[in-house]
Amino acid sequence: MLAKERRERLVGEMRREGIEAIIAFGTSWQEAHLRYVTDFGILEGNGIAILGADGRCRLFLDSAVEAERARVEAPGVETLLARELAQAVGASLETVANQRLAAAPRHLLPVWLTAGERRFRLEDGAALLDRLLMEKMPREIDAMRRAAALADEGYEVFRQAARAGRKQYEVVADVEAFLRRKGSPDNFMILGSGGVEVRGMAPPSERRLKAGDLVTTEITPAVEGYFAQICRTLVLGKATITQQRAFDVYLEAMEAGIAAVRPGVTAADVARAENDVFRRHGLGDYVTSKYTRVRGHGMGLMADLKPSLLEDVDTVLRPGMTVIVHPNTYHPETGYMVLGDLVVVADGGHEVLTHTPRKLFEVAP
Amino acid sequence: MRRGLISWSKAELPECVLDARRGRAQAAMAQAGVDVLAVYTQPARAAGVSWFTGFIPYWNQCILLLPRTGRPTLVAGLSNRVSDWVMRNAHIEAVAPSPNIGAEAGRIVRASNARAVVAIPDLDTVPGGVVAPIGANGVAVIDGTALMERLRAPADAAELALSFKAASIAHAALAEAGGGETDAASLVGTIDGAARRLGAEEVYVALAPDLARDTSLIRLEGTAALAPRFAARVSLAYKGVWVRMVRTLGREGGEESAAALERFATCVAGLPRTEGFDGFSSWLVEGCRATQPLEPLAGSMLKESIAVAPGTVATVQAAMEVGRRPVLIGAPVLVGRDGEGSALLVPPQFDQD
């Protein structure tokens, strides 16, 4: 079982580093550490797990419905409902205050646990857990492979759903319903529609799609907690020469980025390969933080994990890491465009996990 | 990670309503000697900031700084590229994007008053990495939970209207579920899609696929076969207001539904008193006091109860045995004021094909 395998791996690392307990915090937008430790996918409220080096795992949750779910969904974990979450965890930590304790992500822990006079001391354990989150085991890659296949299918549904006159949130609803029917309990998805005025993607609004719109999206379904993302752009109607010419830059950039992915290179190397293409085309301004956030990022138990693909991130890529390479940014002649594929770093190179054609799709409005 | 409809509706949540809430808050702050009310938000704890501004973070964390006069500033962990989107969807003076929201909030607070008193609702739950930089260098941080709680109860007309709308979406989404369904994933897809098409901002569907074996409501991974009797719960948000509804369905039985509904409705009418629920196998009352949307207030699994505030909307769910069959039921409730009975916002559903 994947959860057990993960926990055993973590316990092994804890013993090697002399850490006697890991305290993992999770909430719906920062769930990876908690999921790694407990296998519980938190939706509501906050959760904190204490994993001892003996393998005992306790999960404290401040939502009653989440506690009911966790008792079934996270076997092998002792679940406790604690409305006063920090205080309940603190009481447990007081009993092991003489031990070496590490928390991840420590900065998100409730202030009650990290400030004030406490007998226990919490080190920052993010480095240990982040490494395990990034460098995945073969069974984790298998889950990501299945999620990537679903992302491809999800984009096909998106293409069918995107029609002139439909509201953005109605299109997203079709994709979400499809993913639930396929058994994927979670997804991350934002989109944009319009023309040169569109500078990014956001959650869906009431805006109705129109003929001629560029419609961008990233779809990120989860399988067993592992998220896989795809980014594509479509035109409602026939693409103009300008749109096609712009898209060709993104395609060249993404393919340059993907070609750079292999063990031993840094996240910066990949970002630079993408950005150099934009710079060669005179679009260097549009790879700065004014127009774009990252040139891709790690994926796994969260939709956005380390490493960020940026020219100042020196994280070395290793086999088992999964990153989406996406040179998404604003283009001054067409508006925001996206294109991204999920890649796993493999011995000697990489494998692309998403397989939707890399093209500017044209969809009948 | 929200991906349903997120947009501030000025028709449903007019600026004058938000200004009135702000005015009440600022009066309370002045009375309590509070210079800044700092309300933390992230997708799972968005109810405080959405109440003040209409803003819902789809991702990341933010902190709203409400001074004693004037409109608030939102310090947002979101990228500066979405600042325009934030401004369109929040009734605020300004947005200040920063990867370190605590440090930026502390800087803004100190710039106006180096010895400010900052009240943070639900302080104990806010990340230390956010609180510590605010409280540095002479600024005093205190717990603002009680202040916020007093502001929110009773709910105003706009909040009640949003609650009714959320309840009607939940009711309609569950009405799409058929007792003849045999595949759990298909059922979840039907409910989830229906709720989002009706404008839900977020939707969580939980199932008890075989009530004869287990009444726990869980999130589905993959799929499962639905037994002759099963239950579905939809938890959803509409414009920042959360509700839950639970429905028992099946291909057999059903004669127990009238009795179950009568028992449930009788107990619900007695809220904020909860003694009537003691006869159920399990029960839970949730509501929003400050920043947690559906905080557990009372229930069979809670050692101590928190009083449900009259005039607020609570969500009630219960499990009971009727004719030796387990029945799950749940719906949002408007808790009565001044001795009035409490009332269901929408009727719970039962049925079979």
# chains A, B, ... in the order shown; residues from 1 in each chain; ligands from 1

call {"tool": "select_by_dssp", "arguments": {"residues": "range 150-207 of chain B", "states": "strand (DSSP E)", "output": "PDB file with N, CA and C atoms, in the first residue's frame"}}
result
ATOM      1  N   GLU B 202     -17.662  26.100  -4.296  1.00  0.00           N
ATOM      2  CA  GLU B 202     -16.948  24.869  -4.001  1.00  0.00           C
ATOM      3  C   GLU B 202     -17.960  23.795  -3.633  1.00  0.00           C
ATOM      4  N   VAL B 203     -17.623  22.549  -3.907  1.00  0.00           N
ATOM      5  CA  VAL B 203     -18.550  21.435  -3.671  1.00  0.00           C
ATOM      6  C   VAL B 203     -17.757  20.238  -3.154  1.00  0.00           C
ATOM      7  N   TYR B 204     -18.187  19.689  -2.038  1.00  0.00           N
ATOM      8  CA  TYR B 204     -17.621  18.427  -1.567  1.00  0.00           C
ATOM      9  C   TYR B 204     -18.766  17.433  -1.435  1.00  0.00           C
ATOM     10  N   VAL B 205     -18.633  16.303  -2.099  1.00  0.00           N
ATOM     11  CA  VAL B 205     -19.669  15.275  -1.994  1.00  0.00           C
ATOM     12  C   VAL B 205     -19.095  14.109  -1.195  1.00  0.00           C
ATOM     13  N   ALA B 206     -19.820  13.687  -0.184  1.00  0.00           N
ATOM     14  CA  ALA B 206     -19.411  12.525   0.614  1.00  0.00           C
ATOM     15  C   ALA B 206     -20.527  11.492   0.542  1.00  0.00           C
ATOM     16  N   LEU B 207     -20.125  10.230   0.574  1.00  0.00           N
ATOM     17  CA  LEU B 207     -21.102   9.150   0.449  1.00  0.00           C
ATOM     18  C   LEU B 207     -20.940   8.134   1.566  1.00  0.00           C
TER      19      LEU B 207
END

call {"tool": "interface_residues", "arguments": {"of": "chain B", "to": "chain A", "cutoff": "6 Å", "atoms": "only C-alpha atoms", "output": "ChimeraX atom specification"}}
result
/B:1,3,5,44,124-129,185-186,189,192-193,196-197,218,221-223

call {"tool": "residues_around", "arguments": {"residues": "range 293-299 of chain B", "least_positions_apart": "4", "cutoff": "6 Å", "atoms": "only C-alpha atoms", "output": "ChimeraX atom specification"}}
result
/B:47,283-288,305-306

call {"tool": "residues_around", "arguments": {"residues": "range 51-56 of chain B", "least_positions_apart": "2", "cutoff": "6 Å", "atoms": "only C-alpha atoms", "output": "PyMOL selection string"}}
result
chain B and resi 8+18+48-49+89-91

call {"tool": "write_last_selection", "arguments": {"atoms": "N, CA and C atoms", "output": "mmCIF file, in the first residue's frame"}}
result
data_model
loop_
_atom_site.group_PDB
_atom_site.id
_atom_site.type_symbol
_atom_site.label_atom_id
_atom_site.label_comp_id
_atom_site.auth_asym_id
_atom_site.auth_seq_id
_atom_site.Cartn_x
_atom_site.Cartn_y
_atom_site.Cartn_z
ATOM 1 N N TRP B 8 -17.533 38.389 -6.766
ATOM 2 C CA TRP B 8 -18.305 39.179 -5.816
ATOM 3 C C TRP B 8 -19.543 39.709 -6.551
ATOM 4 N N LEU B 18 -21.704 45.718 3.043
ATOM 5 C CA LEU B 18 -20.330 45.544 3.521
ATOM 6 C C LEU B 18 -19.860 46.778 4.298
ATOM 7 N N GLY B 48 -14.196 34.855 7.488
ATOM 8 C CA GLY B 48 -14.071 36.179 8.093
ATOM 9 C C GLY B 48 -13.898 37.261 7.042
ATOM 10 N N VAL B 49 -12.945 37.061 6.142
ATOM 11 C CA VAL B 49 -12.664 38.078 5.122
ATOM 12 C C VAL B 49 -13.815 38.171 4.113
ATOM 13 N N ASN B 89 -13.026 41.696 -7.137
ATOM 14 C CA ASN B 89 -13.827 40.751 -6.370
ATOM 15 C C ASN B 89 -13.785 40.989 -4.865
ATOM 16 N N ALA B 90 -13.379 42.171 -4.476
ATOM 17 C CA ALA B 90 -13.299 42.472 -3.047
ATOM 18 C C ALA B 90 -13.623 43.944 -2.816
ATOM 19 N N HIS B 91 -14.359 44.216 -1.781
ATOM 20 C CA HIS B 91 -14.678 45.604 -1.427
ATOM 21 C C HIS B 91 -13.608 46.093 -0.457
#

call {"tool": "atom_distance", "arguments": {"atom1": "CA of Tyr36 in chain A", "atom2": "CA of His355 in chain A"}}
result
27.4 Å

call {"tool": "select_by_dssp", "arguments": {"residues": "range 129-171 of chain A", "states": "helix (DSSP H, G or I)", "output": "number ranges by chain"}}
result
A: 129-134, 138-161, 168-171

call {"tool": "residues_around", "arguments": {"residues": "range 100-105 of chain B", "least_positions_apart": "4", "cutoff": "8 Å", "atoms": "only C-alpha atoms", "output": "PDB file with N, CA and C atoms, in the first residue's frame"}}
result
ATOM      1  N   GLN B  61      -2.866  32.361   0.960  1.00  0.00           N
ATOM      2  CA  GLN B  61      -3.363  32.983   2.178  1.00  0.00           C
ATOM      3  C   GLN B  61      -3.274  34.507   2.070  1.00  0.00           C
ATOM      4  N   CYS B  62      -4.122  35.171   2.818  1.00  0.00           N
ATOM      5  CA  CYS B  62      -4.164  36.637   2.816  1.00  0.00           C
ATOM      6  C   CYS B  62      -4.505  37.093   4.232  1.00  0.00           C
ATOM      7  N   ILE B  63      -4.286  38.369   4.488  1.00  0.00           N
ATOM      8  CA  ILE B  63      -4.741  38.934   5.760  1.00  0.00           C
ATOM      9  C   ILE B  63      -5.315  40.322   5.484  1.00  0.00           C
ATOM     10  N   LEU B  65      -6.487  43.926   6.696  1.00  0.00           N
ATOM     11  CA  LEU B  65      -6.197  44.894   7.759  1.00  0.00           C
ATOM     12  C   LEU B  65      -7.279  45.961   7.748  1.00  0.00           C
ATOM     13  N   VAL B  75      -3.700  42.222   2.376  1.00  0.00           N
ATOM     14  CA  VAL B  75      -2.329  41.786   2.123  1.00  0.00           C
ATOM     15  C   VAL B  75      -2.428  40.345   1.614  1.00  0.00           C
ATOM     16  N   ALA B  76      -2.020  40.141   0.361  1.00  0.00           N
ATOM     17  CA  ALA B  76      -2.329  38.878  -0.313  1.00  0.00           C
ATOM     18  C   ALA B  76      -1.073  38.105  -0.685  1.00  0.00           C
ATOM     19  N   GLY B  77      -1.074  36.816  -0.383  1.00  0.00           N
ATOM     20  CA  GLY B  77       0.011  35.940  -0.820  1.00  0.00           C
ATOM     21  C   GLY B  77      -0.078  35.617  -2.297  1.00  0.00           C
ATOM     22  N   ALA B  96      -2.259  44.530  -1.319  1.00  0.00           N
ATOM     23  CA  ALA B  96      -0.798  44.588  -1.187  1.00  0.00           C
ATOM     24  C   ALA B  96      -0.253  43.176  -1.341  1.00  0.00           C
ATOM     25  N   VAL B 109       0.972  48.088   9.379  1.00  0.00           N
ATOM     26  CA  VAL B 109       0.434  48.465  10.693  1.00  0.00           C
ATOM     27  C   VAL B 109       1.357  49.472  11.365  1.00  0.00           C
ATOM     28  N   GLY B 129       3.923  31.985  11.392  1.00  0.00           N
ATOM     29  CA  GLY B 129       4.696  32.734  10.414  1.00  0.00           C
ATOM     30  C   GLY B 129       4.000  34.005   9.959  1.00  0.00           C
ATOM     31  N   VAL B 130       2.688  34.104  10.224  1.00  0.00           N
ATOM     32  CA  VAL B 130       1.942  35.317   9.882  1.00  0.00           C
ATOM     33  C   VAL B 130       1.848  36.240  11.099  1.00  0.00           C
ATOM     34  N   VAL B 131       1.582  35.660  12.257  1.00  0.00           N
ATOM     35  CA  VAL B 131       1.339  36.472  13.452  1.00  0.00           C
ATOM     36  C   VAL B 131       2.630  37.118  13.970  1.00  0.00           C
ATOM     37  N   ALA B 132       3.706  36.334  13.996  1.00  0.00           N
ATOM     38  CA  ALA B 132       4.937  36.827  14.640  1.00  0.00           C
ATOM     39  C   ALA B 132       5.421  38.156  14.060  1.00  0.00           C
ATOM     40  N   PRO B 133       5.491  38.308  12.737  1.00  0.00           N
ATOM     41  CA  PRO B 133       5.984  39.602  12.216  1.00  0.00           C
ATOM     42  C   PRO B 133       5.027  40.759  12.474  1.00  0.00           C
ATOM     43  N   ILE B 134       3.739  40.470  12.641  1.00  0.00           N
ATOM     44  CA  ILE B 134       2.796  41.563  12.934  1.00  0.00           C
ATOM     45  C   ILE B 134       3.047  42.067  14.352  1.00  0.00           C
TER      46      ILE B 134
END

call {"tool": "residues_around", "arguments": {"residues": "Thr312 in chain B", "least_positions_apart": "4", "cutoff": "6 Å", "atoms": "only C-alpha atoms", "output": "number ranges by chain"}}
result
B: 154-155, 334-335

call {"tool": "residues_around", "arguments": {"residues": "Ala146 in chain B", "least_positions_apart": "6", "cutoff": "9 Å", "atoms": "only C-alpha atoms", "output": "list in words"}}
result
Pro121, Asp122, Arg289 and Ala290 of chain B

call {"tool": "write_last_selection", "arguments": {"atoms": "N, CA and C atoms", "output": "compact mmCIF listing (two decimals), in the first residue's frame"}}
result
# COMPACT_ATOMS: atom_id res chain seq x y z
N PRO B 121 -9.00 37.70 14.93
CA PRO B 121 -9.98 36.66 15.24
C PRO B 121 -9.39 35.26 15.05
N ASP B 122 -9.81 34.34 15.90
CA ASP B 122 -9.31 32.96 15.88
C ASP B 122 -7.78 32.93 15.92
N ARG B 289 -18.87 31.13 13.54
CA ARG B 289 -18.81 32.17 14.58
C ARG B 289 -17.89 33.31 14.19
N ALA B 290 -16.74 32.96 13.57
CA ALA B 290 -15.76 34.00 13.26
C ALA B 290 -15.18 33.80 11.86
